[in-house]
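Scroll down for the structure; my scribbles are underneath it.
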Amino acid sequence: MSETLPFSWYVDGDLLRRERAAIFARSWQYAGRAALVSEPGSFLAVDAGGVPVVVTRDEAGTLRAFINVCRHRGAVLTDGCGRRSTIQCHYHAWTYGLDGALRTAPRSEREPGFDPAEWSLRPAGVGTWGPFLFVNPDADAVPLADHLGELPELLARDIDLDGLVFHSRVEFGADANWKVVVENFLECYHCPTAHPAFSADVDVHPDRYLLEPHPTFCAQFCRAKASGKRGQFHLLYPNTGINVFPGSPNLSIGPIAPAGPHRTERYLDYFFAPDVDETWLREFFDFDNQVGREDTALVESVQRGMASGVLEHGRLLLNSEPLLAAFQDWVREQLQGDEQRLA
Ligand code: FES
Ligand SMILES: [Fe+2]
């Protein structure tokens with residue numbers, strides 16, 4: 001559809017509440033590095049688009065995830081990561097095993113009919129893809145591998161995930177709706193105007209910068225002008241961004257998470273080849289930061305324009321912005337599907 005989503009969908013708190021229920025509460029989302037929960041007894045607390053989730057590796061070695069909310073009166077149970085043998089709530093000390101079972105609840109023996117088996121942590125979905133950890137607040141969701149679809153295969157054309165080592169996490173954000181940020185990531189129509197350095201390095205000609213919608217992700221493929229080396233940029237629905245720039249092996253991955261209708265919080269976990277050259281790395285981060293600053297200015301300007309409320313919607317150029325059309329259709333479908341489930 002060439003008409004964009006209504007601009008009101010980018011500024012409205014009610015719509016964001018619907019998105020949280022229809023999208024974020026039931027979607028696979030990047031949750032950090034699988035290495036953080038590789039040892040029995042380890043845990044990692046994450047935010048999955050507004051839903052607190054805790055991932056554990058229990059003593060038997062099973063990877064599990066739970067909604068990180070106490071079954072007693074709803075306190076968030078834990079944060080950070082590390083090792084522990086139980087999860088004890090800081091409010092009234094209800095204590096859960098890493099398998100989610102309620103082990104003890106002080107004074108519960110004084111309550112006739114209290115059955116701890118009814119008050120285990122609510123399970124969530126968890127899965128790994130190479131070095132990456134994903135969670136889904138909905139334990140009944142399709143397996144992660146089904147959601148990834150062809151993405152691992154496409155990425156493997158240009159990068160060997162097992163040959164990368166973690167370098168660092170960079171946190172940032174923008175005063176814009178999460179969909180504005182996603183959509184800016186889904187086209188390179190703006191590259192010649194807004195990213196002069198990127199467009200000097202990367203061939204952004206519409207015949208050679210390729211955009212491919214897939215059922216669960218949007219793919220972009222490009223080449224460096226000088227070396228011919230290939231790069232890829234992906235959005236795995238709903239909000240995981242993956243970047244592989246042309247050049248020395250590199251990959252960054254992270255969520256584009258709503259923190260309110262007008263605010264998006266992000267981080268990227270950066271991975272490189274173990275022998276990456278320090279000078280190359282400095283130039284890489286300078287380049288990446290510059291593109292990031294340029295994009296932040298763009299999305300914040302879009303948010304101000306949309307929030308002014310004077311225009312109802314915009315007009316997509318379907319040959320240059322097919323991935324925006326695909327993403328916007330996907331968002332519409334998720335919201336409609338949720339309405340049907342509730343009806
Ligand atoms: S809210 Fe967790 S023990 Fe009371
Ligand atoms: Fe951009």
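For the structure tokens, the naming scheme is as follows: chains receive sequential letters (A, B, ...) according to their order of presentation, residues are indexed from 1 within each chain, and ligands are indexed from 1 in presentation order.
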
Per-residue nearest contacts chain A to ligand 2, cut-off 7 Å, using only C-alpha atoms and all ligand atoms, as a tab-separated table:
```
residue	atom	partner	partner_atom_place_in_ligand_line	distance
A:Asn184	CA	ligand 2	1 (Fe)	6.0
A:Phe185	CA	ligand 2	1 (Fe)	6.0
A:Cys188	CA	ligand 2	1 (Fe)	6.7
A:His190	CA	ligand 2	1 (Fe)	6.5
A:Cys191	CA	ligand 2	1 (Fe)	6.1
A:His195	CA	ligand 2	1 (Fe)	6.6
A:Val291	CA	ligand 2	1 (Fe)	6.4
A:Glu294	CA	ligand 2	1 (Fe)	6.8
A:Asp295	CA	ligand 2	1 (Fe)	4.7
```

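With only C-alpha atoms taken into account, the protein and nucleic acid residues at most 6 Å from segment 127-143 of chain A (excluding it and anything under 5 positions from it in its own chain) are Ala25, Arg26, Ser27, Trp28, Gln29, Tyr30, Ala31, Gly32, Arg33 and Ala34 of chain A.
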
Interatomic distance between atom CA of Ala197 of chain A and atom CA of Glu300 of chain A?
-> 20.5 Å

Could I get the residue neighbourhood of ligand 1 at 8 Å, counting only C-alpha atoms and all ligand atoms, as a ChimeraX atom specification?
-> /A:69-77,88-95,105

Per-residue DSSP, segment 152-334 of chain A, filtered to alpha helix (DSSP H), as a PyMOL selection string = chain A and resi 152-156+178-185+191-194+196-201+278-307+322-334

Do you know which residues are at most 7 Å from Cys81 of chain A counting only C-alpha atoms, after dropping those on the same chain fewer than 4 positions away, and could you put them as a PyMOL selection string?
-> chain A and resi 43-45

List the neighbours of Asn250 of chain A out to 7 Å using only C-alpha atoms; skip same-chain residues closer than 3 positions along the sequence, and give me the result as a CSV table (one decimal) with C-alpha atoms, in the first residue's frame.
```csv
chain,number,residue,atom,x,y,z
A,244,VAL,CA,27.1,-6.2,8.6
A,245,PHE,CA,29.1,-3.4,7.0
A,271,PHE,CA,31.2,-8.5,17.2
A,272,PHE,CA,34.4,-8.6,15.1
A,273,ALA,CA,36.9,-11.1,13.9
```

Write out as a list in words which residues come within 10 Å of Glu39 of chain A when counting only C-alpha atoms, dropping same-chain ones fewer than 4 positions away.
->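 Counting only C-alpha atoms, the residues come to Ala35, Phe43, Thr56, Arg57, Asp58, Glu59, Gly61, Thr62, Leu63, Gly82 and Arg83 of chain A.
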
Write the residues you've just listed into a file as a JSON list (two decimals), in the first residue's frame, and include N, CA and C atoms for each of them.
```
[["chain", "number", "residue", "atom", "x", "y", "z"],
["A", 35, "ALA", "N", 26.33, -16.38, 25.52],
["A", 35, "ALA", "CA", 27.44, -16.75, 26.42],
["A", 35, "ALA", "C", 27.15, -16.37, 27.87],
["A", 43, "PHE", "N", 22.06, -16.66, 35.16],
["A", 43, "PHE", "CA", 20.79, -16.01, 34.82],
["A", 43, "PHE", "C", 21.07, -14.67, 34.15],
["A", 56, "THR", "N", 17.32, -18.30, 32.46],
["A", 56, "THR", "CA", 18.17, -19.06, 33.39],
["A", 56, "THR", "C", 18.74, -20.28, 32.67],
["A", 57, "ARG", "N", 19.87, -20.73, 33.19],
["A", 57, "ARG", "CA", 20.39, -22.06, 32.81],
["A", 57, "ARG", "C", 20.33, -22.84, 34.11],
["A", 58, "ASP", "N", 19.42, -23.78, 34.21],
["A", 58, "ASP", "CA", 19.27, -24.45, 35.51],
["A", 58, "ASP", "C", 20.42, -25.43, 35.75],
["A", 59, "GLU", "N", 20.41, -26.03, 36.95],
["A", 59, "GLU", "CA", 21.54, -26.87, 37.34],
["A", 59, "GLU", "C", 21.71, -28.08, 36.41],
["A", 61, "GLY", "N", 21.35, -27.89, 33.31],
["A", 61, "GLY", "CA", 21.87, -27.39, 32.04],
["A", 61, "GLY", "C", 20.80, -26.96, 31.05],
["A", 62, "THR", "N", 19.54, -26.96, 31.48],
["A", 62, "THR", "CA", 18.45, -26.58, 30.56],
["A", 62, "THR", "C", 18.30, -25.05, 30.53],
["A", 63, "LEU", "N", 18.22, -24.53, 29.31],
["A", 63, "LEU", "CA", 18.01, -23.10, 29.13],
["A", 63, "LEU", "C", 16.52, -22.82, 29.25],
["A", 82, "GLY", "N", 24.39, -12.97, 36.16],
["A", 82, "GLY", "CA", 25.38, -13.57, 37.05],
["A", 82, "GLY", "C", 25.02, -15.00, 37.33],
["A", 83, "ARG", "N", 25.35, -15.44, 38.56],
["A", 83, "ARG", "CA", 25.08, -16.83, 38.92],
["A", 83, "ARG", "C", 24.36, -16.85, 40.24]]
```

Could you work out how far atom CA of Gln232 of chain A lies from atom CA of Leu155 of chain A, giving the answer in Å with one decimal?
-> 7.4 Å

For atom CA of Leu316 of chain A and atom CA of Thr4 of chain A, determine how far apart the two atoms are, in Å to one decimal place.
-> 6.2 Å
